[in-house]
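Content type compact mmCIF, C-alpha atoms and all ligand atoms, from the file start-v1.txt:
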```
# COMPACT_ATOMS: atom_id res chain seq x y z
CA MET A 1 0.00 0.00 0.00
CA THR A 2 1.51 3.32 -1.02
CA ASN A 3 1.17 6.11 1.53
CA GLN A 4 1.94 9.78 1.94
CA ASN A 5 5.13 8.94 3.89
CA HIS A 6 6.75 7.54 0.78
CA SER A 7 9.01 9.86 -1.16
CA PHE A 8 7.80 12.00 -4.07
CA ASP A 9 9.33 9.65 -6.64
CA THR A 10 7.49 6.66 -5.18
CA ARG A 11 4.19 8.47 -4.87
CA SER A 12 4.36 9.78 -8.43
CA ILE A 13 4.49 6.16 -9.63
CA HIS A 14 2.06 4.41 -7.27
CA ILE A 15 -0.56 6.69 -5.75
CA GLY A 16 -3.97 6.02 -7.33
CA GLU A 17 -2.71 2.84 -8.98
CA GLU A 18 -2.33 0.55 -5.97
CA PRO A 19 -3.70 -2.87 -7.03
CA GLU A 20 -6.10 -2.86 -4.06
CA TYR A 21 -7.63 0.32 -5.43
CA LEU A 22 -8.88 -1.77 -8.31
CA GLU A 23 -10.65 -4.30 -6.06
CA GLY A 24 -13.34 -6.09 -8.00
CA SER A 25 -11.45 -5.76 -11.29
CA ASN A 26 -8.50 -7.87 -12.40
CA ASN A 27 -5.86 -6.32 -10.13
CA GLU A 28 -4.24 -4.54 -13.04
CA VAL A 29 -0.91 -2.87 -12.29
CA VAL A 30 -1.92 0.06 -14.48
CA VAL A 31 -5.33 1.68 -14.07
CA PRO A 32 -7.45 0.86 -17.14
CA ILE A 33 -8.92 3.59 -19.30
CA TYR A 34 -12.53 3.39 -18.15
CA LEU A 35 -14.38 4.58 -21.22
CA SER A 36 -17.88 3.97 -19.89
CA SER A 37 -19.79 7.23 -19.76
CA THR A 38 -22.31 5.80 -17.30
CA PHE A 39 -22.55 3.12 -14.61
CA ALA A 40 -25.43 0.70 -14.00
CA ARG A 41 -27.26 0.69 -10.70
CA LYS A 42 -29.45 -1.95 -9.08
CA GLN A 43 -31.84 0.45 -7.40
CA VAL A 44 -33.24 3.75 -8.67
CA ASN A 45 -32.21 5.64 -5.56
CA ASN A 46 -28.83 4.03 -5.05
CA HIS A 47 -25.88 4.21 -7.39
CA GLY A 48 -22.62 2.39 -6.71
CA ARG A 49 -19.19 4.02 -6.45
CA PHE A 50 -19.67 5.66 -9.82
CA GLU A 51 -22.74 7.13 -11.43
CA TYR A 52 -21.86 9.10 -14.57
CA SER A 53 -18.37 9.88 -15.88
CA ARG A 54 -18.71 13.65 -15.88
CA THR A 55 -19.36 13.42 -12.13
CA SER A 56 -16.61 10.87 -11.45
CA ASN A 57 -14.72 8.26 -13.40
CA PRO A 58 -12.32 5.57 -12.07
CA THR A 59 -9.38 6.62 -14.28
CA ARG A 60 -9.85 10.28 -13.36
CA LEU A 61 -10.24 9.42 -9.68
CA ALA A 62 -6.89 7.59 -9.71
CA LEU A 63 -5.29 10.70 -11.21
CA GLU A 64 -7.02 13.07 -8.77
CA LYS A 65 -5.64 11.02 -5.86
CA ARG A 66 -2.16 11.35 -7.32
CA TYR A 67 -2.56 15.11 -7.89
CA ALA A 68 -3.42 15.58 -4.21
CA SER A 69 -0.57 13.38 -3.09
CA LEU A 70 2.05 15.20 -5.16
CA GLU A 71 1.05 18.69 -3.99
CA GLN A 72 0.63 17.26 -0.45
CA THR A 73 -3.00 18.34 -0.19
CA ARG A 74 -6.16 16.54 0.91
CA PHE A 75 -7.99 17.01 -2.38
CA GLY A 76 -7.25 17.10 -6.10
CA LEU A 77 -9.44 17.80 -9.13
CA GLY A 78 -8.77 17.00 -12.78
CA LEU A 79 -9.88 19.56 -15.37
CA ALA A 80 -9.97 19.62 -19.15
CA SER A 81 -7.19 22.24 -19.46
CA GLY A 82 -5.16 24.68 -17.40
CA LEU A 83 -7.56 27.41 -18.43
CA ALA A 84 -10.55 25.27 -17.39
CA ALA A 85 -8.94 25.04 -13.94
CA GLU A 86 -8.51 28.82 -13.88
CA THR A 87 -12.07 29.41 -15.10
CA LEU A 88 -13.40 27.12 -12.38
CA LEU A 89 -11.48 29.04 -9.72
CA LEU A 90 -12.05 32.59 -10.93
CA PHE A 91 -15.65 32.37 -12.00
CA THR A 92 -17.14 30.01 -9.46
CA LEU A 93 -15.42 31.19 -6.27
CA LEU A 94 -16.04 34.90 -6.87
CA LYS A 95 -19.17 37.03 -7.06
CA PRO A 96 -19.90 40.10 -9.20
CA GLY A 97 -18.22 43.14 -7.67
CA ASP A 98 -15.33 41.15 -6.18
CA HIS A 99 -11.77 42.35 -6.72
CA ILE A 100 -8.74 40.22 -7.70
CA ILE A 101 -5.07 41.10 -7.31
CA GLY A 102 -2.83 39.36 -9.85
CA PHE A 103 0.89 39.25 -10.57
CA ASP A 104 1.73 41.65 -13.40
CA ASP A 105 3.58 38.87 -15.23
CA LEU A 106 1.38 35.85 -16.00
CA TYR A 107 0.71 33.47 -18.90
CA GLY A 108 -0.94 35.45 -21.74
CA GLY A 109 -4.10 33.31 -21.66
CA THR A 110 -4.48 33.97 -17.93
CA LYS A 111 -4.13 37.69 -18.56
CA ARG A 112 -6.72 37.44 -21.35
CA LEU A 113 -9.08 35.77 -18.87
CA LEU A 114 -8.38 38.46 -16.27
CA ASN A 115 -8.53 41.38 -18.70
CA GLN A 116 -11.29 40.40 -21.10
CA TRP A 117 -13.62 38.02 -19.30
CA THR A 118 -13.76 39.28 -15.77
CA ALA A 119 -15.35 42.59 -16.83
CA GLN A 120 -18.38 40.73 -18.19
CA TYR A 121 -18.94 39.33 -14.70
CA ASP A 122 -18.26 42.66 -13.02
CA LEU A 123 -15.03 41.42 -11.43
CA GLN A 124 -12.33 44.04 -10.88
CA VAL A 125 -8.64 43.23 -11.42
CA SER A 126 -5.43 44.97 -10.31
CA LEU A 127 -2.11 43.64 -11.62
CA VAL A 128 0.90 44.43 -9.45
CA ASP A 129 4.56 43.52 -9.23
CA ALA A 130 4.26 40.74 -6.66
CA THR A 131 8.04 40.53 -6.24
CA ARG A 132 7.30 43.36 -3.78
CA PRO A 133 4.76 41.99 -1.26
CA GLU A 134 4.14 45.52 0.07
CA LEU A 135 2.58 46.39 -3.31
CA ILE A 136 0.11 43.54 -2.85
CA GLU A 137 -0.89 44.88 0.55
CA LYS A 138 -1.26 48.37 -0.91
CA ALA A 139 -3.56 47.07 -3.67
CA ILE A 140 -6.00 45.40 -1.25
CA GLN A 141 -9.46 46.97 -1.34
CA GLN A 142 -12.61 46.33 0.66
CA ARG A 143 -13.89 44.01 -2.08
CA THR A 144 -10.66 42.12 -2.69
CA LYS A 145 -11.21 38.37 -2.37
CA LEU A 146 -8.33 36.67 -4.09
CA ILE A 147 -4.65 36.93 -4.99
CA TRP A 148 -3.50 35.17 -8.15
CA LEU A 149 0.19 34.26 -8.46
CA GLU A 150 2.63 32.37 -10.61
CA SER A 151 6.15 31.75 -9.30
CA PRO A 152 8.26 31.71 -11.39
CA THR A 153 6.13 33.65 -13.87
CA ASN A 154 5.54 33.12 -17.57
CA PRO A 155 7.55 34.41 -19.41
CA LEU A 156 9.86 36.60 -17.28
CA LEU A 157 10.58 34.04 -14.55
CA LYS A 158 9.84 36.50 -11.74
CA VAL A 159 9.69 34.88 -8.31
CA CYS A 160 7.44 36.08 -5.48
CA ASP A 161 7.53 35.32 -1.76
CA ILE A 162 4.57 32.94 -1.46
CA ALA A 163 4.77 32.70 2.37
CA ALA A 164 4.93 36.48 2.88
CA ILE A 165 2.06 37.13 0.45
CA SER A 166 -0.02 34.36 2.05
CA GLU A 167 0.54 35.92 5.47
CA ILE A 168 -0.66 39.31 4.19
CA ALA A 169 -3.62 37.70 2.43
CA HIS A 170 -4.77 35.75 5.47
CA ARG A 171 -4.61 38.86 7.67
CA HIS A 172 -7.16 40.33 5.23
CA ASN A 173 -9.20 37.12 4.81
CA LEU A 174 -8.19 36.65 1.18
CA LEU A 175 -7.53 33.46 -0.75
CA VAL A 176 -4.13 32.87 -2.36
CA ILE A 177 -4.04 30.83 -5.55
CA VAL A 178 -0.70 29.81 -7.07
CA ASP A 179 -0.35 28.53 -10.61
CA ASN A 180 2.53 26.11 -10.00
CA THR A 181 2.94 25.03 -13.63
CA PHE A 182 6.55 26.18 -14.13
CA LEU A 183 8.17 24.31 -11.22
CA SER A 184 5.71 21.41 -11.01
CA PRO A 185 5.00 19.77 -7.63
CA TYR A 186 8.44 18.16 -7.83
CA PHE A 187 10.25 21.42 -7.12
CA GLN A 188 7.65 23.46 -5.23
CA ASN A 189 4.53 22.92 -3.09
CA PRO A 190 2.87 26.33 -2.58
CA ILE A 191 0.28 24.97 -0.12
CA LEU A 192 3.12 24.09 2.28
CA LEU A 193 4.22 27.75 2.03
CA GLY A 194 0.77 29.00 3.04
CA ALA A 195 -1.17 29.28 -0.24
CA ASP A 196 -4.78 28.07 -0.21
CA ILE A 197 -5.16 26.60 -3.68
CA VAL A 198 -2.72 25.40 -6.34
CA CYS A 199 -3.53 24.99 -10.00
CA HIS A 200 -1.57 23.60 -12.93
CA SER A 201 -1.57 23.45 -16.64
CA VAL A 202 -1.11 19.68 -16.74
CA THR A 203 -0.40 20.12 -20.44
CA LYS A 204 3.14 21.07 -19.40
CA TYR A 205 5.54 19.22 -17.03
CA ILE A 206 2.91 17.05 -15.33
CA GLY A 207 1.87 15.47 -18.65
CA GLY A 208 5.40 15.94 -19.92
CA HIS A 209 5.15 14.70 -23.51
CA SER A 210 3.23 17.41 -25.41
CA ASP A 211 0.40 15.00 -26.14
CA VAL A 212 -2.36 16.01 -23.75
CA ILE A 213 -4.21 19.17 -22.69
CA GLY A 214 -5.19 19.12 -19.03
CA GLY A 215 -5.54 21.08 -15.82
CA ALA A 216 -5.47 20.40 -12.09
CA VAL A 217 -6.56 22.02 -8.85
CA MET A 218 -5.25 20.95 -5.44
CA LEU A 219 -6.36 22.19 -2.00
CA ASN A 220 -6.94 21.28 1.66
CA ASP A 221 -10.18 23.08 2.54
CA GLU A 222 -13.02 20.55 2.40
CA LYS A 223 -15.82 23.09 1.97
CA LEU A 224 -14.05 24.77 -0.94
CA TYR A 225 -13.28 21.37 -2.46
CA GLU A 226 -16.94 20.30 -2.28
CA LYS A 227 -17.96 23.55 -3.95
CA LEU A 228 -15.37 23.20 -6.72
CA LYS A 229 -16.19 19.52 -7.26
CA PHE A 230 -19.88 20.39 -7.56
CA ASN A 231 -19.02 23.11 -10.08
CA GLN A 232 -16.59 20.89 -12.02
CA ASN A 233 -19.53 18.55 -12.63
CA ALA A 234 -22.17 21.24 -13.09
CA LEU A 235 -20.07 23.09 -15.70
CA GLY A 236 -18.71 19.92 -17.34
CA MET A 237 -15.04 20.90 -17.36
CA VAL A 238 -13.67 17.37 -17.14
CA PRO A 239 -10.78 15.62 -18.92
CA SER A 240 -11.37 12.42 -20.90
CA PRO A 241 -10.36 9.05 -19.37
CA PHE A 242 -7.74 8.67 -22.10
CA ASP A 243 -6.18 12.02 -21.21
CA CYS A 244 -6.17 10.98 -17.54
CA TYR A 245 -4.35 7.78 -18.48
CA LEU A 246 -1.72 9.77 -20.42
CA VAL A 247 -1.14 12.03 -17.43
CA LEU A 248 -0.93 9.09 -14.99
CA ARG A 249 1.69 7.59 -17.29
CA GLY A 250 3.58 10.86 -17.74
CA LEU A 251 3.71 11.52 -14.00
CA LYS A 252 5.69 8.35 -13.35
CA THR A 253 8.82 10.01 -14.72
CA LEU A 254 8.19 13.54 -13.44
CA SER A 255 11.13 13.55 -11.01
CA LEU A 256 13.56 12.14 -13.60
CA ARG A 257 12.41 14.61 -16.23
CA MET A 258 12.51 17.64 -13.94
CA GLU A 259 16.09 16.90 -12.86
CA ARG A 260 17.21 16.67 -16.48
CA HIS A 261 15.16 19.71 -17.58
CA GLN A 262 16.88 21.63 -14.80
CA SER A 263 20.46 20.55 -15.47
CA ASN A 264 20.05 21.28 -19.19
CA ALA A 265 18.41 24.64 -18.42
CA MET A 266 21.25 25.62 -16.10
CA ALA A 267 23.81 24.81 -18.80
CA ILE A 268 21.87 26.81 -21.41
CA ALA A 269 21.28 29.79 -19.09
CA THR A 270 25.01 29.90 -18.28
CA TYR A 271 25.90 29.64 -21.99
CA LEU A 272 23.49 32.46 -22.86
CA GLU A 273 24.74 34.68 -20.03
CA ASN A 274 28.23 34.49 -21.54
CA HIS A 275 27.14 35.01 -25.16
CA SER A 276 28.05 38.29 -26.87
CA LYS A 277 24.76 38.40 -28.82
CA VAL A 278 22.61 38.11 -25.68
CA ALA A 279 21.54 41.23 -23.76
CA ARG A 280 19.93 39.61 -20.70
CA VAL A 281 19.07 36.17 -19.33
CA TYR A 282 16.15 35.32 -17.04
CA TYR A 283 16.61 32.07 -15.08
CA PRO A 284 16.04 31.74 -11.31
CA GLY A 285 18.96 29.30 -11.07
CA LEU A 286 21.51 31.97 -11.99
CA PRO A 287 22.96 33.90 -9.04
CA SER A 288 22.38 37.05 -11.14
CA HIS A 289 18.58 36.51 -10.94
CA PRO A 290 17.08 39.11 -8.56
CA GLN A 291 15.14 36.49 -6.60
CA TYR A 292 17.74 33.70 -6.75
CA THR A 293 17.95 33.42 -2.94
CA LEU A 294 14.19 33.64 -2.41
CA ASN A 295 13.59 30.85 -4.92
CA ARG A 296 16.16 28.70 -3.10
CA THR A 297 14.31 29.16 0.18
CA GLN A 298 10.84 28.27 -1.08
CA ALA A 299 11.55 25.70 -3.81
CA SER A 300 13.93 22.79 -4.18
CA GLY A 301 14.82 23.69 -7.77
CA PHE A 302 14.70 26.30 -10.52
CA GLY A 303 13.01 24.36 -13.30
CA GLY A 304 13.55 24.09 -17.03
CA MET A 305 12.34 27.44 -18.37
CA VAL A 306 14.83 30.08 -19.53
CA SER A 307 14.04 33.43 -21.18
CA PHE A 308 16.51 35.83 -22.75
CA GLU A 309 16.72 39.05 -24.72
CA ILE A 310 18.70 38.85 -27.90
CA LYS A 311 20.70 41.94 -28.90
CA GLY A 312 18.69 43.88 -31.49
CA GLY A 313 14.92 43.53 -31.70
CA GLU A 314 12.12 41.54 -33.29
CA LYS A 315 14.06 41.06 -36.55
CA GLU A 316 17.04 39.40 -34.87
CA ALA A 317 14.77 37.36 -32.59
CA VAL A 318 12.75 36.00 -35.52
CA GLN A 319 15.89 35.30 -37.56
CA PHE A 320 17.38 33.38 -34.64
CA LEU A 321 14.19 31.39 -33.98
CA GLU A 322 13.81 30.43 -37.62
CA SER A 323 17.46 29.30 -37.84
CA LEU A 324 17.20 26.62 -35.14
CA GLU A 325 16.87 22.99 -36.11
CA LEU A 326 16.61 21.00 -32.90
CA PHE A 327 14.57 23.48 -30.88
CA THR A 328 11.02 23.37 -32.19
CA LEU A 329 9.40 26.75 -32.76
CA ALA A 330 6.11 26.25 -30.95
CA GLU A 331 3.94 27.49 -28.10
CA SER A 332 3.68 25.45 -24.91
CA LEU A 333 6.38 24.06 -22.64
CA GLY A 334 7.29 21.26 -20.27
CA GLY A 335 7.54 18.40 -22.76
CA VAL A 336 10.61 16.20 -23.19
CA GLU A 337 11.45 17.99 -26.44
CA SER A 338 12.94 21.49 -26.40
CA LEU A 339 10.54 24.19 -27.55
CA ILE A 340 11.29 27.82 -28.24
CA GLU A 341 9.04 30.80 -28.89
CA HIS A 342 8.64 34.55 -29.17
CA PRO A 343 6.28 35.67 -26.35
CA ALA A 344 5.33 39.03 -27.93
CA LEU A 345 4.24 37.39 -31.19
CA MET A 346 3.04 34.05 -29.81
CA THR A 347 2.05 33.14 -26.21
CA HIS A 348 1.51 36.73 -25.08
CA ALA A 349 0.13 38.18 -28.32
CA SER A 350 -3.37 38.34 -26.79
CA ILE A 351 -2.32 41.15 -24.46
CA THR A 352 -1.82 44.68 -25.80
CA LYS A 353 1.63 45.94 -26.79
CA LYS A 354 1.31 48.65 -24.15
CA GLU A 355 0.64 46.12 -21.42
CA ARG A 356 3.44 43.88 -22.66
CA GLU A 357 5.85 46.79 -22.49
CA LEU A 358 4.65 47.69 -18.99
CA ALA A 359 5.26 44.09 -17.91
CA GLY A 360 8.74 44.11 -19.50
CA ILE A 361 8.03 41.70 -22.38
CA LYS A 362 10.22 43.16 -25.13
CA ASP A 363 10.17 42.29 -28.84
CA SER A 364 13.69 40.88 -28.37
CA LEU A 365 12.51 38.39 -25.72
CA ILE A 366 12.80 34.67 -26.49
CA ARG A 367 11.46 31.92 -24.21
CA VAL A 368 12.98 28.45 -24.12
CA SER A 369 11.40 25.31 -22.70
CA VAL A 370 14.54 23.26 -22.30
CA GLY A 371 13.93 19.59 -23.03
CA VAL A 372 15.75 16.49 -21.89
CA GLU A 373 17.84 15.92 -25.03
CA ASP A 374 21.63 15.66 -24.98
CA ILE A 375 22.95 19.04 -23.83
CA THR A 376 25.84 19.02 -26.34
CA ASP A 377 23.37 18.77 -29.23
CA LEU A 378 21.23 21.56 -27.78
CA LEU A 379 24.18 23.92 -27.30
CA LYS A 380 25.44 23.18 -30.82
CA ASP A 381 22.03 24.08 -32.26
CA LEU A 382 22.04 27.40 -30.38
CA ASP A 383 25.58 28.12 -31.56
CA LEU A 384 24.67 27.55 -35.21
CA ALA A 385 21.59 29.81 -34.98
CA PHE A 386 23.58 32.61 -33.30
CA GLU A 387 26.14 32.39 -36.11
CA LYS A 388 23.39 33.08 -38.66
CA ILE A 389 22.40 36.46 -37.19
O1 LIG B 1 -2.99 25.51 -22.16
P1 LIG B 1 -3.69 25.16 -20.89
O2 LIG B 1 -3.53 23.75 -20.46
O3 LIG B 1 -5.13 25.60 -20.87
O4 LIG B 1 -2.93 25.98 -19.73
C1 LIG B 1 -2.93 27.37 -19.64
C2 LIG B 1 -1.74 27.82 -18.85
C3 LIG B 1 -1.89 28.11 -17.49
N1 LIG B 1 -0.85 28.51 -16.74
C4 LIG B 1 0.39 28.62 -17.25
C5 LIG B 1 1.52 29.07 -16.38
C6 LIG B 1 0.62 28.33 -18.60
O5 LIG B 1 1.87 28.45 -19.08
C7 LIG B 1 -0.47 27.93 -19.43
C8 LIG B 1 -0.30 27.63 -20.88
N2 LIG B 1 0.87 28.16 -21.44
C9 LIG B 1 1.24 28.03 -22.75
C10 LIG B 1 0.53 27.41 -23.69
C11 LIG B 1 2.54 28.68 -23.08
O6 LIG B 1 3.13 28.42 -24.14
O7 LIG B 1 3.01 29.47 -22.25
```

Re-express the file's structure as structure tokens.
Ligand code: P1T
Amino acid sequence: MTNQNHSFDTRSIHIGEEPEYLEGSNNEVVVPIYLSSTFARKQVNNHGRFEYSRTSNPTRLALEKRYASLEQTRFGLGLASGLAAETLLLFTLLKPGDHIIGFDDLYGGTKRLLNQWTAQYDLQVSLVDATRPELIEKAIQQRTKLIWLESPTNPLLKVCDIAAISEIAHRHNLLVIVDNTFLSPYFQNPILLGADIVCHSVTKYIGGHSDVIGGAVMLNDEKLYEKLKFNQNALGMVPSPFDCYLVLRGLKTLSLRMERHQSNAMAIATYLENHSKVARVYYPGLPSHPQYTLNRTQASGFGGMVSFEIKGGEKEAVQFLESLELFTLAESLGGVESLIEHPALMTHASITKKERELAGIKDSLIRVSVGVEDITDLLKDLDLAFEKI
């Protein structure tokens, strides 16, 4: 029987897939993909463990148990995408008139949700530089209900003090939600630092192979969990059993992948920092990163995401991106293969140029999701592309 005392690596392989969990089936070592959309009952008023797959499904339940175990929370929920997880949190926990404080650097799709959708529901949003917790406190209004963070952020890798912000939030009765996608539960557990709810784009490191879109929510508060679970079913934001199977499979190697993502990322960040055609590197594992020490105190690693500004502007950035062979020019991140992109033209194109500039996302900024390939091959590919500009 796997339990919470086992190490992360053990739990990421076993939790939710213990043979005894599958009692009544054939004691499979791997949870089957339960495709059935509905479950038969003997009596009208009494369904068995499962009723209807939108409400709960055995493959999804195995995954939800693992989600909770890896973030060290009591409860986990599986959603159809990272943005479905965010929608569930933002639109079903808040009421019209409520106010949200968000980090000023966040994934472009999250900003689109905060900027374009919240207004329709009469939600107010203030974006602040959360690397300075005092600015969060200053932004709190009478109607503030929630603080939305990423750490490190997408794409500028800013790190905020999750414990200090949680302390401020709880003094004012506010909820703290941390999107923990970039570090994954392997390197950071925001709930242990004081946050109330964690969410993930499972599409990234948790899935790990660029073959599934998914989201997750993890938390300890039972009342909030019951509310979110009810809404997950009522709004129908669930992942398919096949997607759950892919994520269960991907999670088994999360610790191995994250270690390799990180060592490759460190080598690439160091290489870029010493390159004459690079103006600035953003990676929390470099001592030159402004929150290097803070990240070391609240996380056990720095992750696999590196951003940098190339000397010149959009023209040089595009030329460089289109000269690479091994790095795939594509949105998304966290898969075993290295991906590279231009935030201003790709992942963050949905926010206005003015807002991008305010947040510090320049046209020369390039974001790298460092994969687990051989580091010599990756560095050679970067070298060749730099030579072409
Ligand atoms: O794509 P989806 O699974 O819906 O997740 C959205 C999301 C949420 N949070 C963070 C931190 C993210 O990075 C994302 C998705 N990001 C990309 C697609 C990207 O290339 O940055």

Emit as lines of an AutoDock Vina configuration file the padded axis-aligned box for all listed atoms of ligand LIG 1 (chain B), 6 Å per side, with centre and edge lengths in Å to one decimal.
```
center_x = -1.0
center_y = 26.6
center_z = -20.3
size_x = 20.3
size_y = 17.7
size_z = 19.8
```

All residues having an atom within 6 Å of ligand LIG 1 (chain B) (all atoms listed in the file) as an MDAnalysis selection string: chainID A and resid 81:83 107 154 181 201 203 213:215 331:333 347

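Nearest residue to Glu322 of chain A among A:Ile389, A:Ile136, A:Leu235, A:Leu90 is A:Ile389, counting only C-alpha atoms.
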
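Summary of the local environment: counting only C-alpha atoms, residues at most 6 Å from segment 110-127 of chain A, other than itself and those fewer than 3 positions away along its chain, are Pro96, Gly97, Asp98, His99, Ile100, Ile101, Gly102, Phe103, Asp104 and Tyr107 of chain A.
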
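When all atoms listed in the file are used to measure the gap to Ile268 of chain A, the shortest distance among A:Lys353, A:Lys145, A:Arg367, A:Lys311 belongs to A:Arg367.
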
So, counting all atoms listed in the file, which residue among A:Leu193, A:Ala62, A:Ile162, A:Val176 is closest to Pro32 of chain A?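 Smallest separation from Pro32 of chain A among the options: A:Ala62.
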
For a quick check of understanding, using only C-alpha atoms, which of A:Leu61, A:Val29, A:Leu339, A:Leu93 has the smallest distance to Asn231 of chain A? A:Leu93

List as a PyMOL selection string the protein and nucleic acid residues near Leu70 of chain A, meaning an atom at most 8 Å away when all atoms listed in the file are counted, but skip any in the same chain fewer than 4 places from it. chain A and resi 8+11-12+66+185-186

Using all atoms listed in the file: which of A:Ile361, A:Val202, A:Leu183, A:Leu228 has the shortest distance to Phe91 of chain A: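 So, comparing all the options, the nearest one is A:Leu228.
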
Could you check the closest approach to Lys362 of chain A for each of A:Arg132, A:Arg280, A:Lys95, A:Lys380 and tell me which residue wins, using only C-alpha atoms?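 When distances to Lys362 of chain A are compared using only C-alpha atoms, the smallest one comes from A:Arg280.
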
As an exercise, work out the distance from atom CA of Leu106 of chain A to atom CA of Asp221 of chain A in Å and give it to one decimal place.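 So the two atoms, atom CA of Leu106 of chain A and atom CA of Asp221 of chain A, lie 25.3 Å apart.
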
Residue contacts of Lys227 of chain A (12 Å, only C-alpha atoms) excluding same-chain residues fewer than 6 positions away, as a PyMOL selection string: chain A and resi 77+88-89+92-94+219+221+233-235

Please identify all polymer residues within 10 Å of Gly312 of chain A, counting all atoms listed in the file, omitting same-chain residues fewer than 4 positions from it, and present them as JSON, numbers by chain. {"A": [277, 278, 279, 316, 317, 363, 364]}
